[in-house]
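For reference, data-v8.pdb (PDB, C-alpha atoms):
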```pdb
MODEL        1
ATOM      1  CA  MET U   1       0.000   0.000   0.000
ATOM      2  CA  ALA U   2       2.894   2.386   0.704
ATOM      3  CA  GLY U   3       4.081   1.836  -2.861
ATOM      4  CA  VAL U   4       0.661   2.798  -4.217
ATOM      5  CA  TRP U   5       0.566   5.922  -2.012
ATOM      6  CA  ASN U   6       3.978   7.039  -3.248
ATOM      7  CA  LYS U   7       3.120   6.499  -6.893
ATOM      8  CA  CYS U   8      -0.230   8.269  -6.639
ATOM      9  CA  CYS U   9       1.455  11.175  -4.880
ATOM     10  CA  VAL U  10       3.974  11.391  -7.740
ATOM     11  CA  ALA U  11       1.321  11.090 -10.455
ATOM     12  CA  PHE U  12      -0.825  13.853  -9.017
ATOM     13  CA  ILE U  13       1.897  16.375  -8.214
ATOM     14  CA  ILE U  14       3.752  16.099 -11.501
ATOM     15  CA  SER U  15       0.469  16.763 -13.289
ATOM     16  CA  LEU U  16       0.187  20.021 -11.326
ATOM     17  CA  LEU U  17       3.676  21.044 -12.418
ATOM     18  CA  GLY U  18       2.852  20.717 -16.101
ATOM     19  CA  VAL U  19       4.457  17.290 -16.530
ATOM     20  CA  HIS U  20       2.555  14.461 -18.189
ATOM     21  CA  ALA U  21       3.877  10.970 -17.477
ATOM     22  CA  SER U  22       2.678   7.747 -15.935
ATOM     23  CA  THR U  23       4.109   6.184 -12.817
ATOM     24  CA  ALA U  24       5.039   3.167 -14.891
ATOM     25  CA  GLU U  25       7.567   5.484 -16.562
ATOM     26  CA  LEU U  26       8.724   7.026 -13.286
ATOM     27  CA  GLY U  27       8.408   4.483 -10.552
ATOM     28  CA  GLY U  28       8.798   0.920 -11.687
ATOM     29  CA  SER U  29       7.324  -1.685 -13.961
ATOM     30  CA  ASP U  30       4.868  -3.427 -11.626
ATOM     31  CA  ASP U  31       1.496  -2.634 -13.196
ATOM     32  CA  SER U  32      -0.320  -3.762 -10.042
ATOM     33  CA  GLU U  33       1.109  -0.744  -8.236
ATOM     34  CA  SER U  34       0.811   1.783 -11.037
ATOM     35  CA  CYS U  35      -1.373   4.828 -10.599
ATOM     36  CA  SER U  36      -2.673   7.420 -13.015
ATOM     37  CA  VAL U  37      -4.045  10.849 -12.217
ATOM     38  CA  ASP U  38      -7.481   9.772 -13.455
ATOM     39  CA  GLU U  39      -7.636   7.093 -10.742
ATOM     40  CA  ILE U  40      -7.223   9.606  -7.923
ATOM     41  CA  PRO U  41     -10.557  10.953  -6.656
ATOM     42  CA  LYS U  42     -10.995  14.695  -6.350
ATOM     43  CA  ASN U  43     -10.030  15.774  -2.873
ATOM     44  CA  ALA U  44     -11.631  18.965  -1.587
ATOM     45  CA  ILE U  45      -9.009  19.322   1.154
ATOM     46  CA  PHE U  46      -6.107  19.239  -1.279
ATOM     47  CA  GLU U  47      -7.904  21.389  -3.857
ATOM     48  CA  LYS U  48      -8.300  24.051  -1.172
ATOM     49  CA  LYS U  49      -4.607  23.734  -0.310
ATOM     50  CA  LEU U  50      -3.646  24.228  -3.944
ATOM     51  CA  GLU U  51      -5.780  27.339  -4.186
ATOM     52  CA  SER U  52      -4.109  28.776  -1.094
ATOM     53  CA  TYR U  53      -0.713  27.821  -2.546
ATOM     54  CA  ARG U  54      -1.380  29.804  -5.722
ATOM     55  CA  LYS U  55      -2.077  32.864  -3.596
ATOM     56  CA  LEU U  56       1.054  32.248  -1.513
ATOM     57  CA  HIS U  57       3.181  31.858  -4.655
ATOM     58  CA  HIS U  58       2.092  35.218  -6.049
ATOM     59  CA  HIS U  59       2.374  36.847  -2.631
ATOM     60  CA  MET U  60       5.991  35.732  -2.183
ATOM     61  CA  LEU U  61       6.951  36.968  -5.641
ATOM     62  CA  ASN U  62       5.270  40.288  -4.920
ATOM     63  CA  LEU U  63       7.186  40.616  -1.646
ATOM     64  CA  TYR U  64      10.456  39.846  -3.399
ATOM     65  CA  SER U  65       9.805  42.373  -6.166
ATOM     66  CA  LYS U  66       9.986  45.284  -3.709
ATOM     67  CA  PRO U  67      13.239  46.113  -1.902
ATOM     68  CA  SER U  68      11.308  47.185   1.196
ATOM     69  CA  THR U  69       9.643  43.762   1.613
ATOM     70  CA  ARG U  70      12.155  41.430  -0.055
ATOM     71  CA  SER U  71      13.453  40.094   3.257
ATOM     72  CA  LYS U  72       9.979  38.723   4.060
ATOM     73  CA  ALA U  73       9.792  36.500   0.970
ATOM     74  CA  ARG U  74      10.270  32.763   1.495
ATOM     75  CA  PHE U  75      11.249  30.416  -1.328
ATOM     76  CA  LEU U  76      12.142  26.765  -1.733
ATOM     77  CA  VAL U  77      14.227  26.134  -4.843
ATOM     78  CA  PHE U  78      14.527  22.734  -6.482
ATOM     79  CA  ARG U  79      17.994  22.496  -8.043
ATOM     80  CA  ILE U  80      18.942  19.588 -10.272
ATOM     81  CA  CYS U  81      22.233  17.973  -9.358
ATOM     82  CA  CYS U  82      22.662  14.885 -11.521
ATOM     83  CA  GLY U  83      20.688  11.970 -12.857
ATOM     84  CA  GLU U  84      18.395  11.560 -15.802
ATOM     85  CA  LEU U  85      14.858  12.812 -16.341
ATOM     86  CA  GLY U  86      13.036  10.300 -14.129
ATOM     87  CA  ASN U  87      15.265  11.009 -11.123
ATOM     88  CA  ARG U  88      14.814  14.732 -11.576
ATOM     89  CA  LEU U  89      11.032  14.460 -11.706
ATOM     90  CA  LEU U  90      10.989  12.419  -8.507
ATOM     91  CA  GLY U  91      13.142  15.036  -6.774
ATOM     92  CA  LEU U  92      10.941  17.829  -8.125
ATOM     93  CA  THR U  93       7.783  16.070  -6.954
ATOM     94  CA  SER U  94       9.148  15.709  -3.441
ATOM     95  CA  THR U  95      10.346  19.306  -3.310
ATOM     96  CA  PHE U  96       6.959  20.686  -4.336
ATOM     97  CA  LEU U  97       5.399  18.686  -1.525
ATOM     98  CA  LEU U  98       8.036  20.113   0.827
ATOM     99  CA  ALA U  99       7.132  23.625  -0.358
ATOM    100  CA  LEU U 100       3.468  22.999   0.475
ATOM    101  CA  LEU U 101       4.299  21.749   3.959
ATOM    102  CA  SER U 102       6.842  24.472   4.729
ATOM    103  CA  GLY U 103       4.769  27.417   3.497
ATOM    104  CA  ARG U 104       7.300  28.479   0.874
ATOM    105  CA  ALA U 105       6.917  29.268  -2.815
ATOM    106  CA  LEU U 106       8.521  26.731  -5.135
ATOM    107  CA  LEU U 107      11.034  27.819  -7.754
ATOM    108  CA  ILE U 108      12.934  25.556 -10.133
ATOM    109  CA  ASP U 109      16.623  25.825 -11.020
ATOM    110  CA  TRP U 110      16.859  23.395 -13.950
ATOM    111  CA  PRO U 111      19.171  24.721 -16.666
ATOM    112  CA  ALA U 112      20.354  22.745 -19.653
ATOM    113  CA  VAL U 113      23.236  20.522 -18.540
ATOM    114  CA  GLU U 114      25.273  18.764 -21.189
ATOM    115  CA  GLY U 115      25.693  15.057 -20.616
ATOM    116  CA  PHE U 116      22.471  14.470 -18.670
ATOM    117  CA  SER U 117      18.886  15.290 -19.632
ATOM    118  CA  GLY U 118      20.199  18.111 -21.746
ATOM    119  CA  ASP U 119      17.159  20.393 -21.935
ATOM    120  CA  ALA U 120      16.125  23.049 -19.447
ATOM    121  CA  TYR U 121      12.852  22.726 -17.539
ATOM    122  CA  GLY U 122      11.162  25.348 -19.716
ATOM    123  CA  ASP U 123      12.153  23.440 -22.861
ATOM    124  CA  LEU U 124      10.554  20.242 -21.603
ATOM    125  CA  PHE U 125       7.391  21.310 -19.787
ATOM    126  CA  GLU U 126       4.702  23.956 -19.795
ATOM    127  CA  PRO U 127       4.090  25.371 -16.314
ATOM    128  CA  PRO U 128       0.510  25.452 -15.057
ATOM    129  CA  ASP U 129      -1.566  28.530 -15.805
ATOM    130  CA  GLY U 130      -0.633  31.536 -13.738
ATOM    131  CA  LEU U 131       2.409  30.043 -11.987
ATOM    132  CA  ASP U 132       5.993  30.888 -12.877
ATOM    133  CA  PHE U 133       8.655  28.653 -11.329
ATOM    134  CA  ASN U 134      11.720  30.023 -13.149
ATOM    135  CA  PHE U 135      14.368  30.659 -10.487
ATOM    136  CA  SER U 136      16.861  32.366 -12.796
ATOM    137  CA  ARG U 137      14.385  34.802 -14.296
ATOM    138  CA  LEU U 138      12.567  35.646 -11.070
ATOM    139  CA  LEU U 139      15.432  35.926  -8.583
ATOM    140  CA  LEU U 140      18.514  36.330 -10.774
ATOM    141  CA  GLY U 141      17.246  38.751 -13.428
ATOM    142  CA  PRO U 142      19.358  41.712 -14.605
ATOM    143  CA  SER U 143      18.222  43.971 -11.762
ATOM    144  CA  ARG U 144      18.496  41.308  -9.049
ATOM    145  CA  VAL U 145      21.345  40.692  -6.642
ATOM    146  CA  PRO U 146      21.764  36.918  -6.150
ATOM    147  CA  PRO U 147      20.066  36.137  -2.836
ATOM    148  CA  LYS U 148      21.849  34.590   0.093
ATOM    149  CA  ALA U 149      20.632  31.034   0.288
ATOM    150  CA  THR U 150      20.697  28.011   2.549
ATOM    151  CA  LEU U 151      21.773  24.921   0.621
ATOM    152  CA  VAL U 152      20.260  21.549   1.531
ATOM    153  CA  GLU U 153      21.839  18.597  -0.275
ATOM    154  CA  LEU U 154      19.657  15.501  -0.142
ATOM    155  CA  ASN U 155      21.649  12.600  -1.491
ATOM    156  CA  ASN U 156      22.984   9.247  -0.403
ATOM    157  CA  GLY U 157      26.134  10.692   1.126
ATOM    158  CA  ARG U 158      25.000  12.272   4.399
ATOM    159  CA  PRO U 159      21.919  11.594   6.547
ATOM    160  CA  GLU U 160      21.979  14.873   8.505
ATOM    161  CA  PRO U 161      20.085  17.029   5.935
ATOM    162  CA  TYR U 162      17.159  14.599   6.146
ATOM    163  CA  LEU U 163      16.617  15.168   9.874
ATOM    164  CA  PRO U 164      14.172  18.117   9.621
ATOM    165  CA  ILE U 165      12.293  16.336   6.839
ATOM    166  CA  LEU U 166      11.902  13.169   8.893
ATOM    167  CA  CYS U 167      11.515  14.627  12.366
ATOM    168  CA  GLY U 168      10.796  18.358  12.353
ATOM    169  CA  ASN U 169       7.864  20.696  11.925
ATOM    170  CA  LEU U 170       8.508  21.806   8.357
ATOM    171  CA  SER U 171       6.613  25.059   8.780
ATOM    172  CA  GLU U 172       9.437  26.081  11.132
ATOM    173  CA  ALA U 173      12.350  24.476   9.298
ATOM    174  CA  TRP U 174      15.261  26.686   8.214
ATOM    175  CA  GLY U 175      14.044  29.597  10.316
ATOM    176  CA  GLU U 176      14.228  32.996   8.675
ATOM    177  CA  ALA U 177      16.188  31.862   5.613
ATOM    178  CA  GLY U 178      14.650  33.640   2.642
ATOM    179  CA  VAL U 179      15.839  31.161   0.024
ATOM    180  CA  VAL U 180      16.392  27.463   0.698
ATOM    181  CA  ILE U 181      17.897  25.524  -2.202
ATOM    182  CA  VAL U 182      17.269  21.782  -2.226
ATOM    183  CA  SER U 183      19.741  19.981  -4.460
ATOM    184  CA  THR U 184      18.651  16.407  -5.054
ATOM    185  CA  ASN U 185      17.750  13.674  -7.496
ATOM    186  CA  GLN U 186      16.049  11.625  -4.769
ATOM    187  CA  TYR U 187      12.396  10.816  -4.111
ATOM    188  CA  TYR U 188      11.948  11.762  -0.455
ATOM    189  CA  ALA U 189       8.189  12.299  -0.123
ATOM    190  CA  ALA U 190       7.980   9.043   1.828
ATOM    191  CA  ALA U 191      10.229  10.591   4.494
ATOM    192  CA  MET U 192       7.723  13.423   4.956
ATOM    193  CA  ARG U 193       4.911  10.911   5.284
ATOM    194  CA  ALA U 194       6.893   9.289   8.118
ATOM    195  CA  ASN U 195       7.162  12.673   9.870
ATOM    196  CA  ARG U 196       4.785  12.712  12.856
ATOM    197  CA  PHE U 197       4.017  16.404  12.327
ATOM    198  CA  HIS U 198       2.724  15.871   8.786
ATOM    199  CA  ALA U 199       1.707  12.225   8.284
ATOM    200  CA  GLY U 200      -1.990  12.830   8.938
ATOM    201  CA  GLN U 201      -2.046  15.883   6.681
ATOM    202  CA  LEU U 202      -0.452  13.983   3.803
ATOM    203  CA  ASP U 203      -2.850  11.067   4.156
ATOM    204  CA  SER U 204      -5.760  13.509   3.984
ATOM    205  CA  TRP U 205      -4.324  15.023   0.795
ATOM    206  CA  PHE U 206      -3.497  11.710  -0.880
ATOM    207  CA  PRO U 207      -5.767   8.939   0.410
ATOM    208  CA  PRO U 208      -4.768   5.651  -1.242
ATOM    209  CA  PRO U 209      -7.182   4.676  -4.038
ATOM    210  CA  ARG U 210      -9.654   1.959  -3.122
TER     211      ARG U 210
ENDMDL
END
```

I need this file expressed as structure tokens, please.
Amino acid sequence: MAGVWNKCCVAFIISLLGVHASTAELGGSDDSESCSVDEIPKNAIFEKKLESYRKLHHHMLNLYSKPSTRSKARFLVFRICCGELGNRLLGLTSTFLLALLSGRALLIDWPAVEGFSGDAYGDLFEPPDGLDFNFSRLLLGPSRVPPKATLVELNNGRPEPYLPILCGNLSEAWGEAGVVIVSTNQYYAAAMRANRFHAGQLDSWFPPPR
């Protein structure tokens, strides 16, 4: 059942980010545990959360656009590090879920990198209506000073960066850091579901299909 939950979580979130793929492509070949977006019932709780997220996303960008309020803006940036397309989508899926739980606006730092999945995010996918995730354009444009950022590397090398994700209240994680950059090619949504502060909330958003 945990495998079904993870795959349905992936299928639903990547559809929100403008990506169209099946979990058979992303998460394994066992058809008995595959999940498509059409199989997931509409969830009023999560729909309401998405609507509030859209407002938060625009609010954070508005705060950042003004020097007088820029310090109040809070962003979570997904930065590709390595891996091919499937790994990147799993990391992106998890990071969007982390943005929802931490109350931060998601941005995506996915440039073209020779030798891996060579295209940039904007070359591969169309973002959902009304939401701009482009980190470089929004925070690093010609009139922008690169923001100070907290870097969180989630990989197989060190367990310490996973501690707040597994054990902490994510709405309080990373304190007053305006920009938190998550560099990963890992699927870590399951770690958030194991977090006692957020497990019930995630199960209400993504109830396993019957």

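The spacing separating atom CA of Glu160 of chain U from atom CA of Thr184 of chain U amounts to 14.0 Å.
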
Report task. To verify the selection step, state as JSON, numbers by chain which residues the PyMOL selection byres ((chain U and resi 55-64) around 8) yields on this input. Result -> {"U": [51, 52, 53, 54, 65, 66, 67, 69, 70, 71, 72, 73, 74, 75, 103, 104, 105, 106, 131, 138]}

Query raised in the report: Can you list what the PyMOL selection byres ((chain U and resi 161) around 12) grabs from this structure, as a PyMOL selection string?
Result: chain U and resi 150-160+162-168+173-174+181-184+188+191

Query - Nearest residue to Ser94 of chain U from the set U:Asn195, U:Ser68, U:Asn185, U:Asn43 (distances using all atoms listed in the file) - result: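 Looking only at the distances to Ser94 of chain U, the closest residue turns out to be U:Asn185.
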
Requested in this report: Using only C-alpha atoms, pick whichever of U:Gln201, U:Ala190, U:Glu172, U:Leu92 has the shortest atom-to-atom distance to Arg79 of chain U.
Outcome: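 Going through U:Gln201, U:Ala190, U:Glu172, U:Leu92 one by one, the smallest distance to Arg79 of chain U is for U:Leu92.
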
Query - Neighbour list for Asn134 of chain U as a list in words, cut-off 10 Å, only C-alpha atoms, skip fewer than 5 positions in-chain - result: Val77, Leu106, Leu107, Ile108, Asp109, Trp110, Pro111, Tyr121, Gly122, Pro127, Leu139 and Leu140 of chain U

Those same residues - C-alpha atoms - I'd like them written as a CSV table (one decimal), keeping the file's coordinate frame.
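Just written: selection_35.csv:
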```csv
chain,number,residue,atom,x,y,z
U,77,VAL,CA,14.2,26.1,-4.8
U,106,LEU,CA,8.5,26.7,-5.1
U,107,LEU,CA,11.0,27.8,-7.8
U,108,ILE,CA,12.9,25.6,-10.1
U,109,ASP,CA,16.6,25.8,-11.0
U,110,TRP,CA,16.9,23.4,-14.0
U,111,PRO,CA,19.2,24.7,-16.7
U,121,TYR,CA,12.9,22.7,-17.5
U,122,GLY,CA,11.2,25.3,-19.7
U,127,PRO,CA,4.1,25.4,-16.3
U,139,LEU,CA,15.4,35.9,-8.6
U,140,LEU,CA,18.5,36.3,-10.8
```

Query raised in the report: How many Å lie between atom CA of Leu50 of chain U and atom CA of Gly91 of chain U, rounded to one decimal?
Result: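 Those two atoms sit 19.3 Å apart.
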
Query raised in the report: Do you have the atom CA of Phe125 of chain U-atom CA of Ala177 of chain U distance handy?
Result: 28.9 Å

Please determine an axis-aligned box that encloses all atoms of segment 148-164 of chain U listed in the file, with 5 Å added on each side, and express its centre and edge lengths in Å to one decimal as AutoDock Vina command-line options.
```
--center_x 20.2 --center_y 21.9 --center_z 4.2 --size_x 22.0 --size_y 35.3 --size_z 21.4
```

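With all atoms listed in the file as the atoms that count, the minimum distance from Ala189 of chain U to the choices U:Glu84, U:Asp119, U:Asp203, U:Glu126 is reached by U:Asp203.
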
Report task. Considering all atoms listed in the file, state which residue in the set U:Ala112, U:Ala199, U:Ala120, U:Cys81 is at the smallest distance from Asn169 of chain U. Result -> U:Ala199
